[in-house]
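So this one's coords_29.pdb, PDB, C-alpha atoms, pLDDT in the B column:
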MODEL        1
ATOM      1  CA  MET A  13       6.815   5.890 -12.614  1.00 33.00           C
ATOM      2  CA  LYS A  14       3.851   8.007 -11.514  1.00 40.00           C
ATOM      3  CA  THR A  15       1.542   9.399 -14.137  1.00 38.00           C
ATOM      4  CA  ARG A  16       0.665  12.477 -12.058  1.00 44.00           C
ATOM      5  CA  ALA A  17       1.856  13.824  -8.731  1.00 46.00           C
ATOM      6  CA  ASP A  18      -1.448  13.018  -7.030  1.00 52.00           C
ATOM      7  CA  GLN A  19      -2.246   9.721  -8.730  1.00 51.00           C
ATOM      8  CA  PRO A  20      -0.148   6.559  -8.935  1.00 54.00           C
ATOM      9  CA  PRO A  21      -0.892   4.300 -11.913  1.00 55.00           C
ATOM     10  CA  ASN A  22      -4.015   2.202 -11.478  1.00 53.00           C
ATOM     11  CA  PRO A  23      -3.172  -1.483 -11.096  1.00 60.00           C
ATOM     12  CA  THR A  24      -6.665  -2.452 -12.305  1.00 72.00           C
ATOM     13  CA  PRO A  25      -8.958  -0.554 -14.672  1.00 78.00           C
ATOM     14  CA  ASP A  26     -11.940  -0.734 -12.294  1.00 92.00           C
ATOM     15  CA  ARG A  27     -10.168   1.206  -9.515  1.00 96.00           C
ATOM     16  CA  TYR A  28      -9.168   4.859  -9.206  1.00 96.00           C
ATOM     17  CA  HIS A  29      -6.311   5.891  -6.906  1.00 96.00           C
ATOM     18  CA  THR A  30      -5.612   9.310  -5.434  1.00 96.00           C
ATOM     19  CA  THR A  31      -3.481  10.661  -2.602  1.00 96.00           C
ATOM     20  CA  ASP A  32      -5.413  13.956  -2.479  1.00 97.00           C
ATOM     21  CA  ILE A  33      -7.761  13.765   0.513  1.00 97.00           C
ATOM     22  CA  TYR A  34      -9.876  16.685  -0.720  1.00 97.00           C
ATOM     23  CA  LEU A  35     -10.338  15.162  -4.173  1.00 98.00           C
ATOM     24  CA  GLY A  36     -11.165  11.893  -2.420  1.00 98.00           C
ATOM     25  CA  ALA A  37     -13.761  13.601  -0.251  1.00 98.00           C
ATOM     26  CA  TYR A  38     -15.294  15.234  -3.326  1.00 98.00           C
ATOM     27  CA  LEU A  39     -15.496  11.916  -5.162  1.00 98.00           C
ATOM     28  CA  LYS A  40     -16.975  10.217  -2.107  1.00 98.00           C
ATOM     29  CA  ALA A  41     -19.520  13.019  -1.716  1.00 98.00           C
ATOM     30  CA  ARG A  42     -20.432  12.517  -5.397  1.00 97.00           C
ATOM     31  CA  GLY A  43     -21.086   8.824  -4.811  1.00 97.00           C
ATOM     32  CA  LEU A  44     -17.886   6.953  -5.619  1.00 97.00           C
ATOM     33  CA  ARG A  45     -17.341   4.080  -3.205  1.00 97.00           C
ATOM     34  CA  LEU A  46     -14.086   3.896  -1.233  1.00 97.00           C
ATOM     35  CA  VAL A  47     -12.874   0.304  -1.488  1.00 96.00           C
ATOM     36  CA  ASP A  48      -9.423   0.491   0.103  1.00 95.00           C
ATOM     37  CA  ARG A  49      -6.681   2.715   1.399  1.00 94.00           C
ATOM     38  CA  LEU A  50      -2.989   1.986   1.093  1.00 94.00           C
ATOM     39  CA  LEU A  51      -0.191   3.234   3.328  1.00 93.00           C
ATOM     40  CA  GLU A  52       3.001   3.957   1.373  1.00 89.00           C
ATOM     41  CA  GLY A  53       5.537   5.363   3.810  1.00 91.00           C
ATOM     42  CA  ARG A  54       3.841   8.443   5.233  1.00 91.00           C
ATOM     43  CA  ARG A  55       1.460   8.822   2.289  1.00 94.00           C
ATOM     44  CA  VAL A  56      -2.007   7.310   2.080  1.00 96.00           C
ATOM     45  CA  THR A  57      -3.570   6.361  -1.234  1.00 96.00           C
ATOM     46  CA  PHE A  58      -7.353   6.211  -1.412  1.00 97.00           C
ATOM     47  CA  VAL A  59      -8.725   3.558  -3.753  1.00 97.00           C
ATOM     48  CA  PHE A  60     -12.175   4.114  -5.201  1.00 97.00           C
ATOM     49  CA  GLU A  61     -14.390   1.918  -7.307  1.00 96.00           C
ATOM     50  CA  ASP A  62     -14.137   3.500 -10.734  1.00 96.00           C
ATOM     51  CA  ARG A  63     -17.112   4.371 -12.891  1.00 94.00           C
ATOM     52  CA  ALA A  64     -17.702   5.911 -16.301  1.00 95.00           C
ATOM     53  CA  ASP A  65     -18.209   9.504 -15.095  1.00 96.00           C
ATOM     54  CA  ARG A  66     -15.200   9.605 -12.735  1.00 96.00           C
ATOM     55  CA  LYS A  67     -13.019  11.542 -15.190  1.00 96.00           C
ATOM     56  CA  CYS A  68     -15.707  14.230 -15.456  1.00 97.00           C
ATOM     57  CA  LEU A  69     -15.993  14.374 -11.666  1.00 97.00           C
ATOM     58  CA  VAL A  70     -12.233  14.927 -11.316  1.00 97.00           C
ATOM     59  CA  GLN A  71     -12.389  17.699 -13.910  1.00 97.00           C
ATOM     60  CA  GLU A  72     -15.337  19.254 -12.040  1.00 97.00           C
ATOM     61  CA  PHE A  73     -13.355  19.188  -8.790  1.00 97.00           C
ATOM     62  CA  TYR A  74     -10.440  21.080 -10.341  1.00 97.00           C
ATOM     63  CA  ALA A  75     -12.874  23.514 -11.992  1.00 97.00           C
ATOM     64  CA  ASP A  76     -14.404  24.451  -8.611  1.00 96.00           C
ATOM     65  CA  GLY A  77     -17.122  21.801  -8.677  1.00 95.00           C
ATOM     66  CA  MET A  78     -19.740  22.029  -5.972  1.00 95.00           C
ATOM     67  CA  VAL A  79     -21.344  19.538  -3.617  1.00 97.00           C
ATOM     68  CA  ARG A  80     -23.489  20.067  -0.546  1.00 97.00           C
ATOM     69  CA  ALA A  81     -21.317  21.234   2.342  1.00 97.00           C
ATOM     70  CA  ASN A  82     -22.605  18.534   4.702  1.00 97.00           C
ATOM     71  CA  ASP A  83     -21.865  15.806   2.134  1.00 97.00           C
ATOM     72  CA  PHE A  84     -18.311  17.069   1.695  1.00 98.00           C
ATOM     73  CA  ILE A  85     -17.699  17.401   5.440  1.00 98.00           C
ATOM     74  CA  HIS A  86     -18.990  13.891   6.151  1.00 98.00           C
ATOM     75  CA  ALA A  87     -16.933  12.432   3.307  1.00 98.00           C
ATOM     76  CA  LEU A  88     -13.811  14.228   4.565  1.00 98.00           C
ATOM     77  CA  GLN A  89     -14.416  12.970   8.106  1.00 97.00           C
ATOM     78  CA  ASP A  90     -14.835   9.418   6.773  1.00 97.00           C
ATOM     79  CA  LEU A  91     -11.541   9.603   4.889  1.00 97.00           C
ATOM     80  CA  LYS A  92      -9.701  11.043   7.882  1.00 96.00           C
ATOM     81  CA  ALA A  93     -11.074   8.244  10.060  1.00 96.00           C
ATOM     82  CA  ALA A  94      -9.934   5.719   7.450  1.00 93.00           C
ATOM     83  CA  VAL A  95      -6.402   7.192   7.613  1.00 93.00           C
ATOM     84  CA  TYR A  96      -6.254   7.181  11.399  1.00 92.00           C
ATOM     85  CA  ASN A  97      -7.481   3.579  11.536  1.00 87.00           C
ATOM     86  CA  LEU A  98      -4.683   2.204   9.333  1.00 81.00           C
TER      87      LEU A  98
ENDMDL
END
Using the file provided, produce a representation of the structure as structure tokens.
Amino acid sequence: MKTRADQPPNPTPDRYHTTDIYLGAYLKARGLRLVDRLLEGRRVTFVFEDRADRKCLVQEFYADGMVRANDFIHALQDLKAAVYNL
């Protein structure tokens, strides 16, 4: 059972999973490290190394959090490349 539509349950407490590419790009732009990506049918799950402030970063994202445009664009391009290279 999924806990949220965009986030399957975390198999380990030190990892954060999301299927939302824009949330993933925001987290990457804010410094979370992408450690894996999982292909589940047609859906890709991005797996990040979790850290103490990740919950706050997710809340910031949904509350119109801001990052430098170049950081976000580069993070988004990195995630798209990771998807296409599966």
Legend entry - Explicit residue set for the PyMOL selection byres ((chain A and resi 35) around 12), as an MDAnalysis selection string: chainID A and resid 18:19 28:34 36:42 44 57:60 66:67 69:79 84 87:88 91
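The gap separating CA of Asn82 in chain A from CA of Ala64 in chain A is 25.0 Å, in Å to one decimal.
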Inset, instruction - For the file shown, report as a ChimeraX atom specification the outcome of the PyMOL selection byres ((chain A and resi 27) around 10) at residue level. - result: /A:22-26,28-29,45-48,58-63
Legend entry - Pick from A:Ala81, A:Arg49, A:Asp65, A:Gly43 nearest to Asn97 in chain A, counting only C-alpha atoms: A:Arg49
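For the pair CA of Gly53 in chain A and CA of Ala94 in chain A, the separation is 15.9 Å.
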Inset, instruction - Tell me which protein, DNA and RNA residues are within 10 Å of Leu98 in chain A, counting all atoms listed in the file, leaving out same-chain ones fewer than 3 positions away, and put them as an MDAnalysis selection string. - result: chainID A and resid 49:51 56 93:95
Keeping C-alpha atoms, export the residues of the selection given above as a PDB file, keeping the file's coordinate frame.
ATOM      1  CA  ARG A  49      -6.681   2.715   1.399  1.00 94.00           C
ATOM      2  CA  LEU A  50      -2.989   1.986   1.093  1.00 94.00           C
ATOM      3  CA  LEU A  51      -0.191   3.234   3.328  1.00 93.00           C
ATOM      4  CA  VAL A  56      -2.007   7.310   2.080  1.00 96.00           C
ATOM      5  CA  ALA A  93     -11.074   8.244  10.060  1.00 96.00           C
ATOM      6  CA  ALA A  94      -9.934   5.719   7.450  1.00 93.00           C
ATOM      7  CA  VAL A  95      -6.402   7.192   7.613  1.00 93.00           C
TER       8      VAL A  95
END
Is it possible to add N, CA and C atoms to range 59-89 of chain A and hand it back as a compact mmCIF listing (two decimals), keeping the file's coordinate frame?
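So result-v8.txt came out as:
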# COMPACT_ATOMS: atom_id res chain seq x y z
N VAL A 59 -8.36 4.36 -2.59
CA VAL A 59 -8.72 3.56 -3.75
C VAL A 59 -10.25 3.54 -3.85
N PHE A 60 -10.74 4.04 -4.97
CA PHE A 60 -12.18 4.11 -5.20
C PHE A 60 -12.58 3.14 -6.30
N GLU A 61 -13.81 2.68 -6.21
CA GLU A 61 -14.39 1.92 -7.31
C GLU A 61 -14.62 2.89 -8.45
N ASP A 62 -14.05 2.58 -9.60
CA ASP A 62 -14.14 3.50 -10.73
C ASP A 62 -15.49 3.37 -11.42
N ARG A 63 -15.90 4.41 -12.09
CA ARG A 63 -17.11 4.37 -12.89
C ARG A 63 -16.94 5.31 -14.08
N ALA A 64 -17.84 5.22 -15.02
CA ALA A 64 -17.70 5.91 -16.30
C ALA A 64 -17.57 7.43 -16.17
N ASP A 65 -18.24 8.04 -15.20
CA ASP A 65 -18.21 9.50 -15.10
C ASP A 65 -17.11 10.03 -14.17
N ARG A 66 -16.23 9.17 -13.67
CA ARG A 66 -15.20 9.60 -12.74
C ARG A 66 -14.28 10.67 -13.33
N LYS A 67 -13.90 10.55 -14.58
CA LYS A 67 -13.02 11.54 -15.19
C LYS A 67 -13.68 12.92 -15.19
N CYS A 68 -14.97 12.96 -15.49
CA CYS A 68 -15.71 14.23 -15.46
C CYS A 68 -15.77 14.80 -14.04
N LEU A 69 -15.94 13.92 -13.06
CA LEU A 69 -15.99 14.37 -11.67
C LEU A 69 -14.66 14.98 -11.24
N VAL A 70 -13.55 14.38 -11.64
CA VAL A 70 -12.23 14.93 -11.32
C VAL A 70 -12.07 16.29 -11.97
N GLN A 71 -12.47 16.41 -13.22
CA GLN A 71 -12.39 17.70 -13.91
C GLN A 71 -13.27 18.74 -13.22
N GLU A 72 -14.46 18.34 -12.78
CA GLU A 72 -15.34 19.25 -12.04
C GLU A 72 -14.67 19.74 -10.77
N PHE A 73 -14.03 18.83 -10.04
CA PHE A 73 -13.36 19.19 -8.79
C PHE A 73 -12.33 20.28 -9.04
N TYR A 74 -11.49 20.10 -10.05
CA TYR A 74 -10.44 21.08 -10.34
C TYR A 74 -10.99 22.36 -10.98
N ALA A 75 -12.23 22.32 -11.43
CA ALA A 75 -12.87 23.51 -11.99
C ALA A 75 -13.87 24.09 -10.98
N ASP A 76 -13.57 23.93 -9.70
CA ASP A 76 -14.40 24.45 -8.61
C ASP A 76 -15.79 23.84 -8.58
N GLY A 77 -15.85 22.51 -8.76
CA GLY A 77 -17.12 21.80 -8.68
C GLY A 77 -17.74 21.97 -7.29
N MET A 78 -19.04 21.81 -7.23
CA MET A 78 -19.74 22.03 -5.97
C MET A 78 -20.51 20.78 -5.55
N VAL A 79 -20.51 20.56 -4.24
CA VAL A 79 -21.34 19.54 -3.62
C VAL A 79 -21.93 20.18 -2.37
N ARG A 80 -22.94 19.54 -1.81
CA ARG A 80 -23.49 20.07 -0.55
C ARG A 80 -22.41 20.06 0.52
N ALA A 81 -22.35 21.10 1.32
CA ALA A 81 -21.32 21.23 2.34
C ALA A 81 -21.34 20.05 3.31
N ASN A 82 -22.52 19.66 3.76
CA ASN A 82 -22.60 18.53 4.70
C ASN A 82 -22.08 17.25 4.09
N ASP A 83 -22.36 17.01 2.81
CA ASP A 83 -21.86 15.81 2.13
C ASP A 83 -20.34 15.81 2.09
N PHE A 84 -19.77 16.97 1.77
CA PHE A 84 -18.31 17.07 1.70
C PHE A 84 -17.68 16.88 3.08
N ILE A 85 -18.24 17.51 4.08
CA ILE A 85 -17.70 17.40 5.44
C ILE A 85 -17.75 15.96 5.93
N HIS A 86 -18.88 15.29 5.71
CA HIS A 86 -18.99 13.89 6.15
C HIS A 86 -18.02 12.99 5.38
N ALA A 87 -17.86 13.23 4.11
CA ALA A 87 -16.93 12.43 3.31
C ALA A 87 -15.50 12.66 3.78
N LEU A 88 -15.14 13.91 4.07
CA LEU A 88 -13.81 14.23 4.57
C LEU A 88 -13.57 13.57 5.92
N GLN A 89 -14.55 13.62 6.80
CA GLN A 89 -14.42 12.97 8.11
C GLN A 89 -14.24 11.46 7.95
